[in-house]
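Next comes start_2.txt, a file with compact mmCIF, C-alpha atoms and all ligand atoms.
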# COMPACT_ATOMS: atom_id res chain seq x y z
CA MET A 1 30.94 189.11 -188.56
CA LYS A 2 32.57 192.54 -188.11
CA ILE A 3 30.46 195.64 -188.62
CA LEU A 4 31.61 199.21 -188.99
CA VAL A 5 29.24 201.74 -187.45
CA ILE A 6 29.44 205.26 -188.86
CA ASN A 7 28.01 208.53 -187.59
CA ALA A 8 28.86 211.18 -190.17
CA GLY A 9 28.28 214.84 -189.28
CA SER A 10 29.05 217.89 -191.37
CA SER A 11 32.63 218.23 -190.09
CA SER A 12 33.06 215.00 -188.12
CA LEU A 13 32.92 211.25 -188.58
CA LYS A 14 32.65 208.87 -185.65
CA TYR A 15 33.26 205.16 -186.11
CA GLN A 16 33.18 201.89 -184.18
CA LEU A 17 34.24 198.49 -185.43
CA ILE A 18 32.21 195.82 -183.62
CA ASP A 19 32.76 192.07 -183.68
CA MET A 20 29.22 190.68 -183.63
CA GLN A 21 30.33 187.31 -182.31
CA ASP A 22 30.62 188.75 -178.80
CA GLU A 23 29.46 192.31 -179.58
CA LYS A 24 32.89 193.58 -178.58
CA VAL A 25 34.09 197.00 -179.77
CA LEU A 26 37.43 196.31 -181.47
CA ALA A 27 38.21 199.94 -182.22
CA LYS A 28 36.52 203.30 -182.15
CA GLY A 29 37.44 206.84 -182.98
CA VAL A 30 36.53 210.15 -184.45
CA CYS A 31 37.66 212.35 -187.33
CA GLU A 32 37.06 215.93 -186.28
CA ARG A 33 37.36 219.26 -188.08
CA ILE A 34 36.94 217.66 -191.51
CA GLY A 35 37.37 220.37 -194.15
CA ILE A 36 39.02 222.64 -191.57
CA ASP A 37 42.39 221.58 -190.09
CA GLY A 38 41.65 217.94 -189.21
CA HIS A 39 42.11 216.01 -185.97
CA PHE A 40 42.02 212.21 -185.70
CA THR A 41 41.55 209.97 -182.64
CA HIS A 42 41.65 206.17 -182.66
CA LYS A 43 41.22 203.86 -179.64
CA THR A 44 41.59 200.13 -179.11
CA ASP A 45 42.08 197.95 -176.03
CA ASP A 46 45.81 198.55 -176.49
CA GLY A 47 45.83 202.31 -176.47
CA LYS A 48 44.81 205.63 -177.90
CA TRP A 49 46.35 207.46 -180.85
CA GLU A 50 45.62 211.09 -181.55
CA PHE A 51 47.08 213.45 -184.13
CA ASP A 52 46.37 216.40 -186.43
CA VAL A 53 45.97 215.45 -190.07
CA ALA A 54 44.39 217.32 -192.97
CA MET A 55 41.08 215.71 -194.03
CA PRO A 56 39.63 217.92 -196.77
CA ASP A 57 36.47 215.83 -197.06
CA HIS A 58 34.72 212.69 -195.77
CA THR A 59 36.51 210.48 -198.29
CA ALA A 60 39.85 211.64 -196.86
CA ALA A 61 38.50 210.96 -193.36
CA PHE A 62 37.59 207.39 -194.40
CA GLU A 63 41.16 206.94 -195.65
CA GLN A 64 42.40 207.70 -192.12
CA VAL A 65 39.89 205.25 -190.64
CA LYS A 66 41.01 202.56 -193.11
CA LEU A 67 44.66 203.16 -192.24
CA ALA A 68 44.05 203.13 -188.49
CA LEU A 69 42.05 199.87 -188.66
CA THR A 70 44.53 197.97 -190.84
CA LYS A 71 47.98 199.44 -190.18
CA GLY A 72 50.29 200.53 -187.36
CA GLU A 73 50.00 199.98 -183.61
CA GLY A 74 46.23 200.51 -183.50
CA LYS A 75 45.52 197.91 -186.17
CA VAL A 76 42.68 195.50 -185.37
CA ILE A 77 42.15 193.77 -188.74
CA ASP A 78 44.52 192.64 -191.49
CA ASN A 79 42.33 193.55 -194.39
CA LEU A 80 39.27 195.70 -195.07
CA SER A 81 37.52 192.66 -196.52
CA GLU A 82 37.07 191.49 -192.90
CA VAL A 83 34.42 194.21 -192.53
CA SER A 84 31.15 192.58 -193.61
CA ALA A 85 28.86 195.60 -193.59
CA ILE A 86 28.54 199.25 -192.64
CA GLY A 87 25.73 200.70 -190.52
CA HIS A 88 25.08 204.44 -190.69
CA ARG A 89 23.25 206.61 -188.21
CA VAL A 90 20.77 208.81 -190.09
CA VAL A 91 19.02 211.61 -188.21
CA GLN A 92 15.88 212.14 -190.31
CA GLY A 93 13.91 209.34 -191.96
CA GLY A 94 10.68 211.31 -192.44
CA SER A 95 7.29 209.58 -192.17
CA LYS A 96 8.40 206.83 -194.53
CA TYR A 97 10.97 204.91 -192.48
CA ASP A 98 9.74 203.22 -189.32
CA ARG A 99 12.68 200.80 -189.26
CA SER A 100 16.25 200.37 -190.49
CA VAL A 101 16.78 199.55 -194.18
CA LEU A 102 19.51 198.49 -196.57
CA LEU A 103 20.87 201.49 -198.44
CA THR A 104 19.66 201.55 -202.04
CA ASP A 105 19.53 204.38 -204.57
CA GLU A 106 15.89 204.94 -203.61
CA VAL A 107 16.72 205.17 -199.88
CA ILE A 108 19.58 207.58 -200.57
CA ALA A 109 17.28 209.74 -202.71
CA ASP A 110 14.75 209.81 -199.84
CA ILE A 111 17.43 210.77 -197.31
CA LYS A 112 18.50 213.59 -199.62
CA ALA A 113 14.87 214.68 -199.99
CA PHE A 114 14.43 214.80 -196.20
CA ALA A 115 17.37 217.24 -195.99
CA SER A 116 14.97 220.20 -195.85
CA LEU A 117 13.87 218.79 -192.45
CA ALA A 118 17.46 218.12 -191.25
CA PRO A 119 19.70 220.49 -193.22
CA LEU A 120 22.74 220.02 -190.98
CA HIS A 121 22.56 216.25 -190.73
CA ASN A 122 21.10 214.45 -193.76
CA PRO A 123 23.49 215.94 -196.38
CA ALA A 124 26.41 214.97 -194.12
CA HIS A 125 25.10 211.39 -193.89
CA VAL A 126 24.96 211.23 -197.70
CA GLN A 127 28.60 212.35 -197.78
CA GLY A 128 29.29 209.51 -195.35
CA PHE A 129 27.63 206.92 -197.65
CA THR A 130 29.58 208.18 -200.67
CA ALA A 131 32.87 208.14 -198.78
CA ALA A 132 32.16 204.64 -197.40
CA THR A 133 31.47 203.35 -200.91
CA ALA A 134 34.69 204.97 -202.17
CA ALA A 135 36.69 203.37 -199.35
CA PHE A 136 35.10 199.89 -199.24
CA GLY A 137 33.85 199.49 -202.80
CA PRO A 138 30.29 199.35 -204.15
CA ASP A 139 29.61 195.76 -203.03
CA ILE A 140 29.75 196.19 -199.26
CA PRO A 141 26.20 196.18 -197.81
CA GLN A 142 25.31 199.44 -196.09
CA VAL A 143 22.39 200.08 -193.78
CA ALA A 144 20.63 203.26 -192.64
CA VAL A 145 19.41 203.37 -189.03
CA PHE A 146 17.11 206.34 -188.46
CA ASP A 147 16.90 208.45 -185.29
CA THR A 148 13.25 209.08 -186.07
CA ALA A 149 12.15 205.47 -186.76
CA PHE A 150 11.28 204.33 -183.22
CA HIS A 151 8.93 207.32 -182.80
CA GLN A 152 6.90 206.50 -185.91
CA THR A 153 4.27 204.72 -183.79
CA MET A 154 3.05 208.06 -182.39
CA PRO A 155 -0.62 208.70 -183.14
CA GLU A 156 -1.60 211.71 -185.28
CA LYS A 157 -2.94 213.59 -182.27
CA ALA A 158 0.58 213.51 -180.77
CA PHE A 159 2.61 214.26 -183.88
CA MET A 160 0.56 217.04 -185.49
CA PHE A 161 1.18 220.73 -184.73
CA GLY A 162 -1.71 223.17 -184.59
CA VAL A 163 -0.74 225.09 -187.73
CA PRO A 164 -2.84 224.92 -190.95
CA TYR A 165 -3.07 221.32 -192.18
CA GLU A 166 -1.82 222.32 -195.62
CA TYR A 167 1.71 222.78 -194.19
CA TYR A 168 1.73 219.13 -193.18
CA GLU A 169 0.62 218.19 -196.69
CA LYS A 170 3.01 220.57 -198.46
CA TYR A 171 6.12 220.39 -196.28
CA ASP A 172 5.68 217.42 -193.91
CA VAL A 173 5.60 219.77 -190.93
CA ARG A 174 4.97 217.46 -187.93
CA ARG A 175 6.66 216.02 -184.86
CA TYR A 176 9.18 213.29 -185.72
CA GLY A 177 11.16 212.93 -182.49
CA PHE A 178 14.86 212.06 -182.28
CA HIS A 179 17.30 209.92 -180.24
CA GLY A 180 15.01 207.05 -181.33
CA THR A 181 17.86 204.53 -181.41
CA SER A 182 18.72 205.34 -177.81
CA HIS A 183 15.09 205.31 -176.64
CA ARG A 184 14.69 201.95 -178.38
CA TYR A 185 17.78 200.45 -176.75
CA VAL A 186 16.82 201.46 -173.21
CA THR A 187 13.16 200.54 -173.81
CA ASP A 188 14.21 197.01 -174.84
CA ARG A 189 16.40 196.68 -171.75
CA CYS A 190 13.69 198.07 -169.46
CA LEU A 191 11.06 195.70 -170.88
CA LYS A 192 13.44 192.81 -170.19
CA LEU A 193 13.87 194.03 -166.61
CA LEU A 194 10.07 194.31 -166.23
CA GLY A 195 9.70 190.87 -167.77
CA LYS A 196 6.84 191.81 -170.11
CA VAL A 197 5.84 194.06 -172.98
CA GLU A 198 2.03 194.08 -173.13
CA GLY A 199 0.43 196.36 -170.57
CA THR A 200 3.65 198.25 -169.78
CA ARG A 201 3.83 202.02 -169.44
CA ILE A 202 7.34 203.46 -169.33
CA ILE A 203 9.02 206.83 -169.75
CA THR A 204 12.56 206.99 -171.12
CA CYS A 205 14.67 210.08 -170.38
CA HIS A 206 17.67 210.58 -172.69
CA LEU A 207 19.46 213.42 -170.91
CA GLY A 208 22.65 214.53 -172.63
CA ASN A 209 23.87 217.61 -174.37
CA GLY A 210 20.75 217.18 -176.49
CA SER A 211 17.89 215.71 -174.47
CA SER A 212 14.53 214.12 -175.08
CA ILE A 213 11.89 212.11 -173.24
CA ALA A 214 9.60 209.46 -174.71
CA ALA A 215 6.35 207.93 -173.45
CA VAL A 216 6.27 204.24 -174.37
CA LYS A 217 3.14 202.06 -174.11
CA ASP A 218 3.37 198.29 -174.77
CA GLY A 219 6.89 198.91 -176.14
CA LYS A 220 5.70 201.54 -178.64
CA VAL A 221 6.28 205.30 -178.49
CA ILE A 222 3.07 207.31 -178.08
CA ASP A 223 4.70 210.72 -177.58
CA THR A 224 8.10 212.37 -177.37
CA THR A 225 9.44 215.81 -176.56
CA MET A 226 11.56 216.59 -179.64
CA GLY A 227 9.60 217.80 -182.62
CA MET A 228 10.14 218.46 -186.32
CA THR A 229 13.73 219.17 -185.30
CA PRO A 230 15.76 218.35 -182.17
CA LEU A 231 15.02 221.84 -180.79
CA ASP A 232 11.67 221.10 -179.17
CA GLY A 233 11.23 219.83 -175.62
CA PHE A 234 12.95 221.19 -172.51
CA LEU A 235 16.12 223.16 -171.74
CA MET A 236 19.25 221.45 -173.18
CA GLY A 237 22.95 222.33 -173.23
CA THR A 238 22.59 225.14 -175.77
CA ARG A 239 19.02 224.62 -177.08
CA CYS A 240 16.00 226.46 -175.71
CA GLY A 241 13.42 223.68 -176.00
CA ALA A 242 9.74 224.66 -176.28
CA ILE A 243 9.03 228.37 -175.93
CA ASP A 244 6.09 230.58 -176.82
CA PRO A 245 6.38 230.65 -180.66
CA SER A 246 5.74 234.41 -180.60
CA VAL A 247 9.09 234.91 -178.86
CA VAL A 248 10.70 233.92 -182.17
CA THR A 249 9.00 236.55 -184.33
CA PHE A 250 9.28 239.15 -181.55
CA LEU A 251 13.05 238.70 -181.18
CA MET A 252 13.61 238.56 -184.94
CA GLU A 253 11.93 241.95 -185.27
CA LYS A 254 13.57 243.54 -182.23
CA GLU A 255 17.09 242.27 -182.95
CA ASN A 256 16.76 242.40 -186.75
CA LEU A 257 17.68 238.73 -187.06
CA THR A 258 17.48 236.58 -190.19
CA PRO A 259 15.88 233.09 -189.87
CA ALA A 260 19.39 231.56 -189.83
CA GLN A 261 20.53 233.93 -187.07
CA MET A 262 17.42 233.23 -184.98
CA ASP A 263 17.96 229.53 -185.52
CA ALA A 264 21.52 229.90 -184.20
CA VAL A 265 20.28 231.80 -181.13
CA MET A 266 17.83 229.02 -180.28
CA ASN A 267 20.15 226.10 -181.09
CA LYS A 268 23.56 227.37 -179.99
CA LYS A 269 23.16 230.23 -177.53
CA SER A 270 20.18 229.24 -175.42
CA GLY A 271 19.42 226.47 -172.93
CA MET A 272 21.65 225.89 -169.90
CA GLN A 273 24.38 227.99 -171.53
CA GLY A 274 22.11 230.89 -172.39
CA ILE A 275 20.40 231.09 -169.00
CA SER A 276 23.45 230.42 -166.79
CA GLY A 277 26.05 232.32 -168.85
CA VAL A 278 28.43 229.69 -167.44
CA SER A 279 28.63 226.71 -169.79
CA SER A 280 26.61 224.14 -171.71
CA ASP A 281 28.42 221.34 -169.88
CA ASP A 282 26.43 219.96 -166.97
CA ARG A 283 29.50 219.39 -164.82
CA ASP A 284 30.33 223.11 -165.03
CA ILE A 285 26.72 224.03 -164.26
CA ALA A 286 26.65 221.68 -161.24
CA ALA A 287 29.92 223.18 -159.95
CA ALA A 288 28.59 226.73 -160.41
CA VAL A 289 25.37 225.80 -158.56
CA LYS A 290 27.52 224.52 -155.67
CA GLU A 291 29.42 227.82 -155.63
CA GLY A 292 26.12 229.68 -155.30
CA ASN A 293 25.88 231.10 -158.84
CA PRO A 294 22.20 232.24 -159.04
CA ARG A 295 21.86 231.96 -162.83
CA ALA A 296 23.33 228.47 -162.90
CA LYS A 297 20.80 227.57 -160.19
CA LEU A 298 18.00 229.15 -162.24
CA ALA A 299 19.00 227.10 -165.34
CA TRP A 300 19.16 223.94 -163.24
CA ASP A 301 15.76 224.60 -161.63
CA MET A 302 14.10 225.52 -164.94
CA ARG A 303 15.23 222.25 -166.51
CA SER A 304 14.13 220.09 -163.56
CA TYR A 305 10.75 221.84 -163.50
CA GLN A 306 10.24 221.39 -167.25
CA ILE A 307 11.27 217.71 -167.13
CA ILE A 308 8.91 216.97 -164.24
CA LYS A 309 6.04 218.66 -166.12
CA TYR A 310 6.71 216.56 -169.25
CA VAL A 311 7.03 213.35 -167.26
CA ALA A 312 3.84 214.01 -165.29
CA GLY A 313 2.02 214.85 -168.55
CA TYR A 314 3.19 211.60 -170.07
CA VAL A 315 1.98 209.67 -167.02
CA ALA A 316 -1.49 211.01 -167.85
CA ALA A 317 -1.04 210.17 -171.55
CA LEU A 318 0.04 206.63 -170.64
CA GLY A 319 -2.72 206.18 -168.05
CA GLY A 320 -0.19 205.39 -165.31
CA LEU A 321 3.48 204.52 -165.02
CA ASP A 322 5.38 201.29 -164.39
CA ALA A 323 8.96 202.46 -164.91
CA ILE A 324 11.10 205.49 -165.66
CA VAL A 325 14.53 205.15 -167.26
CA PHE A 326 17.48 207.57 -167.25
CA THR A 327 20.20 207.42 -169.87
CA ALA A 328 22.92 209.40 -171.79
CA GLY A 329 25.70 211.61 -170.38
CA ILE A 330 23.63 213.43 -167.76
CA GLY A 331 20.99 210.74 -167.17
CA GLU A 332 23.64 208.10 -166.50
CA ASN A 333 25.88 210.29 -164.36
CA SER A 334 23.93 212.97 -162.53
CA SER A 335 22.44 211.39 -159.43
CA ALA A 336 21.41 214.89 -158.28
CA LEU A 337 19.18 215.50 -161.32
CA ARG A 338 17.72 211.97 -161.18
CA ALA A 339 16.89 212.38 -157.48
CA GLU A 340 15.21 215.72 -158.13
CA ILE A 341 13.05 214.31 -160.94
CA LEU A 342 12.08 211.23 -158.92
CA GLU A 343 11.31 213.34 -155.85
CA GLY A 344 9.12 215.53 -158.06
CA LEU A 345 7.12 212.35 -158.77
CA ALA A 346 6.64 211.47 -155.08
CA PHE A 347 2.90 212.15 -155.50
CA LEU A 348 2.80 208.99 -157.66
CA GLY A 349 4.35 206.95 -154.86
CA VAL A 350 7.87 207.04 -156.34
CA LYS A 351 10.53 206.33 -153.70
CA VAL A 352 14.22 206.87 -154.48
CA ASP A 353 16.84 204.45 -153.18
CA ALA A 354 19.49 207.06 -152.29
CA GLU A 355 22.33 204.55 -152.10
CA ALA A 356 21.57 202.91 -155.43
CA ASN A 357 21.01 206.30 -157.05
CA ALA A 358 24.46 207.48 -155.92
CA GLN A 359 26.05 204.97 -158.35
CA ARG A 360 27.15 206.25 -161.73
CA GLY A 361 27.24 204.85 -165.23
CA GLU A 362 26.05 201.27 -164.69
CA GLU A 363 22.68 199.57 -165.16
CA LYS A 364 20.90 199.86 -161.84
CA GLU A 365 17.47 200.00 -160.24
CA ILE A 366 17.40 203.28 -158.28
CA THR A 367 14.03 203.07 -156.53
CA THR A 368 13.14 201.13 -153.38
CA PRO A 369 11.26 197.79 -153.51
CA ASP A 370 8.10 199.49 -152.20
CA SER A 371 8.20 202.30 -154.79
CA ALA A 372 4.99 202.48 -156.86
CA VAL A 373 7.09 203.07 -160.00
CA ARG A 374 10.42 201.39 -160.77
CA GLY A 375 13.30 203.72 -161.69
CA PHE A 376 16.33 202.55 -163.66
CA VAL A 377 19.62 203.89 -164.92
CA ILE A 378 20.36 202.12 -168.21
CA PRO A 379 23.51 203.18 -170.09
CA THR A 380 22.57 203.64 -173.73
CA ASN A 381 24.35 202.00 -176.66
CA GLU A 382 23.20 203.41 -179.98
CA GLU A 383 26.16 201.94 -181.88
CA LEU A 384 25.22 198.44 -180.78
CA VAL A 385 21.64 198.92 -182.02
CA ILE A 386 23.00 200.12 -185.38
CA ALA A 387 25.38 197.14 -185.57
CA ARG A 388 22.62 194.64 -184.66
CA ASP A 389 20.18 196.10 -187.20
CA THR A 390 22.91 196.03 -189.84
CA ARG A 391 23.71 192.39 -189.11
CA ASP A 392 20.02 191.42 -189.14
CA LEU A 393 19.39 193.11 -192.49
CA VAL A 394 22.54 191.72 -194.07
CA GLU A 395 21.73 188.21 -192.86
CA GLY A 396 18.23 188.69 -194.26
P1 LIG B 401 26.01 213.22 -174.07
O1 LIG B 401 25.43 214.24 -175.02
O2 LIG B 401 25.12 212.05 -173.84
O3 LIG B 401 27.42 212.86 -174.41
O4 LIG B 401 26.10 213.95 -172.64
C1 LIG B 401 26.91 215.08 -172.45
C2 LIG B 401 26.54 215.70 -171.11
O5 LIG B 401 26.75 214.74 -170.07
C3 LIG B 401 27.38 216.93 -170.76
O6 LIG B 401 26.55 217.99 -170.33
C4 LIG B 401 28.21 216.45 -169.59
O7 LIG B 401 28.48 217.47 -168.68
C5 LIG B 401 27.32 215.40 -168.95
N1 LIG B 401 28.12 214.52 -168.11
C6 LIG B 401 29.08 213.66 -168.48
N2 LIG B 401 29.66 213.08 -167.41
C7 LIG B 401 29.02 213.59 -166.32
C8 LIG B 401 29.15 213.40 -164.91
N3 LIG B 401 30.04 212.58 -164.40
N4 LIG B 401 28.30 214.10 -164.10
C9 LIG B 401 27.38 214.95 -164.61
N5 LIG B 401 27.23 215.17 -165.93
C10 LIG B 401 28.04 214.51 -166.77

Structure encoded using structure tokens:
Amino acid sequence: MKILVINAGSSSLKYQLIDMQDEKVLAKGVCERIGIDGHFTHKTDDGKWEFDVAMPDHTAAFEQVKLALTKGEGKVIDNLSEVSAIGHRVVQGGSKYDRSVLLTDEVIADIKAFASLAPLHNPAHVQGFTAATAAFGPDIPQVAVFDTAFHQTMPEKAFMFGVPYEYYEKYDVRRYGFHGTSHRYVTDRCLKLLGKVEGTRIITCHLGNGSSIAAVKDGKVIDTTMGMTPLDGFLMGTRCGAIDPSVVTFLMEKENLTPAQMDAVMNKKSGMQGISGVSSDDRDIAAAVKEGNPRAKLAWDMRSYQIIKYVAGYVAALGGLDAIVFTAGIGENSSALRAEILEGLAFLGVKVDAEANAQRGEEKEITTPDSAVRGFVIPTNEELVIARDTRDLVEG
């Protein structure tokens, strides 16, 4: 069975075609700058093809994907009918969806209704469903895999915000949490490495351009750092994370900013970029720290401090800690940040294995055998989770 995994954004569409027999990625790529000038990239084991091509909308982008999969040098299938099902990443599933579901009219209507909570993402996903149906026909099964679903086990005391209760009732204002598919993948792997589920207390750190941490008890999330939107938590590439809420109203008044402008400041101009003035990319920040740039160092130190505070808080919430997992672009690659976080947890009896921690990008235990808590690097694979859920739902 071959499954196409789709991640549709407002101006981009990422895809992977996975053969479920051996879970091998046959092809992957991305349509970028949809509705602008259009850029297309397609990769297989045999090579990489990249070119500019106008893609006025998502349907046009799907046409390029279809062509790349079935024709020319990058072709991996003879006919589109070889694709059995399509799995879509969906950012916001509200309080209703605690697992992946087959796309029906009712599910699509719900995803549209949740757009007020994810205005940049959910409408783009709906465009992705429509374009997929146009390209593959109405009979191909399609599945929605929600970023929020894995966090739905959080208790009320963790997901409610201290604003009047009526806003929860009227507008569903609450913590949802994101990166759930990634937290779920690394949690499953970590539980396998621990050899049990019941009685386990783990913390999963998804550290990428967007970052979040989850506290997981008995395999179920009890708290996570991202909130109603992916802005909450700690310093990210360009996002501020949690700040005193009064800073928002204060700056809006002082700088005469509209809600949309303030939103852009917090989402696009803050975080590592905003503090360092260097870059949102962690490699640039690390290089600037090495060169002695004081603001890059401040951004780096702020993030480490905030992460350690969250992790230590979650240890209390979990009543102890068995394992901590690092994943995503920074978590998988930055041994310096991992070491700093683990050293910040030395009071718990955490002992870093410096040699193991120096490795990059592969599954690895990075603490010593006598460490009181086990530390792991586990490369995430959200597309594989989406493909597996899609297969499971299609096979009933
Ligand atoms: P993601 O959002 O998961 O793709 O992660 C993107 C982040 O990972 C960027 O900030 C990159 O700088 C960072 N990253 C990727 N490769 C490395 C590396 N080798 N060392 C440090 N950071 C890296």

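Distances from A:Gly233, A:Gly35, A:Gly349, A:Gly195 to Gly219 (chain A) were compared using all atoms listed in the file, and the smallest one belongs to A:Gly195.
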
Select the residues contacting ligand LIG 401 (chain B) at a distance of at most 7 Å, based on all atoms listed in the file, then format the selection as a list in words. Leu207, Gly208, Asn209, Gly210, Gly237, Ser280, Asp281, Asp282, Arg283, Asp284, Ala328, Gly329, Ile330, Asn333 and Ser334 of chain A

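Atom pair CA of Lys24 (chain A) / CA of Gly38 (chain A): separated by 28.0 Å.
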
CA of Leu257 (chain A) to CA of Gly271 (chain A), distance in Å rounded to a single decimal: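 CA of Leu257 (chain A) sits 18.8 Å away from CA of Gly271 (chain A).
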
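Relative to CA of His121 (chain A), CA of Gly9 (chain A) is found at 6.1 Å.
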
Report as a PyMOL selection string all protein, DNA and RNA residues lying within 8 Å of Gly227 (chain A), evaluated on only C-alpha atoms, omitting residues in the same chain fewer than 2 positions from it. chain A and resi 159+174-178+224-225+229-233

Missing atoms in region 159-166 of chain A should be modelled up to all heavy atoms and reported as a CSV table (one decimal), in the frame of the given file.
chain,number,residue,atom,x,y,z
A,159,PHE,N,1.5,213.7,-183.0
A,159,PHE,CA,2.6,214.3,-183.9
A,159,PHE,C,2.2,215.5,-184.7
A,159,PHE,O,3.1,216.1,-185.3
A,159,PHE,CB,3.2,213.2,-184.8
A,159,PHE,CG,2.4,212.6,-185.9
A,159,PHE,CD1,2.1,213.4,-187.0
A,159,PHE,CD2,2.1,211.3,-186.0
A,159,PHE,CE1,1.4,212.9,-188.1
A,159,PHE,CE2,1.3,210.8,-187.0
A,159,PHE,CZ,1.0,211.6,-188.1
A,160,MET,N,0.9,215.9,-184.7
A,160,MET,CA,0.6,217.0,-185.5
A,160,MET,C,0.8,218.3,-184.7
A,160,MET,O,0.6,218.3,-183.5
A,160,MET,CB,-0.9,216.9,-185.9
A,160,MET,CG,-1.1,215.9,-187.0
A,160,MET,SD,-0.2,216.2,-188.5
A,160,MET,CE,-1.1,217.6,-189.2
A,161,PHE,N,1.1,219.4,-185.3
A,161,PHE,CA,1.2,220.7,-184.7
A,161,PHE,C,-0.1,221.5,-185.1
A,161,PHE,O,-0.6,221.3,-186.2
A,161,PHE,CB,2.4,221.5,-185.2
A,161,PHE,CG,3.7,220.9,-184.8
A,161,PHE,CD1,4.7,220.6,-185.7
A,161,PHE,CD2,4.0,220.6,-183.4
A,161,PHE,CE1,5.9,220.1,-185.3
A,161,PHE,CE2,5.2,220.1,-183.0
A,161,PHE,CZ,6.2,219.8,-184.0
A,162,GLY,N,-0.5,222.4,-184.3
A,162,GLY,CA,-1.7,223.2,-184.6
A,162,GLY,C,-1.5,224.3,-185.6
A,162,GLY,O,-2.1,225.4,-185.3
A,163,VAL,N,-0.8,224.1,-186.6
A,163,VAL,CA,-0.7,225.1,-187.7
A,163,VAL,C,-1.6,224.6,-188.9
A,163,VAL,O,-2.0,223.4,-188.9
A,163,VAL,CB,0.7,225.3,-188.2
A,163,VAL,CG1,1.5,226.1,-187.1
A,163,VAL,CG2,1.4,224.0,-188.6
A,164,PRO,N,-1.9,225.4,-189.9
A,164,PRO,CA,-2.8,224.9,-191.0
A,164,PRO,C,-2.4,223.6,-191.5
A,164,PRO,O,-1.2,223.4,-191.8
A,164,PRO,CB,-2.8,226.0,-192.0
A,164,PRO,CG,-2.5,227.3,-191.2
A,164,PRO,CD,-1.6,226.8,-190.1
A,165,TYR,N,-3.4,222.7,-191.7
A,165,TYR,CA,-3.1,221.3,-192.2
A,165,TYR,C,-2.3,221.3,-193.5
A,165,TYR,O,-1.5,220.3,-193.7
A,165,TYR,CB,-4.4,220.6,-192.3
A,165,TYR,CG,-4.3,219.1,-192.4
A,165,TYR,CD1,-4.1,218.3,-191.3
A,165,TYR,CD2,-4.3,218.4,-193.7
A,165,TYR,CE1,-4.0,216.9,-191.4
A,165,TYR,CE2,-4.1,217.1,-193.8
A,165,TYR,CZ,-4.0,216.3,-192.6
A,165,TYR,OH,-3.8,215.0,-192.7
A,166,GLU,N,-2.5,222.3,-194.3
A,166,GLU,CA,-1.8,222.3,-195.6
A,166,GLU,C,-0.3,222.3,-195.5
A,166,GLU,O,0.4,221.8,-196.4
A,166,GLU,CB,-2.2,223.5,-196.4
A,166,GLU,CG,-1.8,224.9,-195.8
A,166,GLU,CD,-2.3,226.1,-196.5
A,166,GLU,OE1,-3.4,226.5,-196.1
A,166,GLU,OE2,-1.7,226.6,-197.4
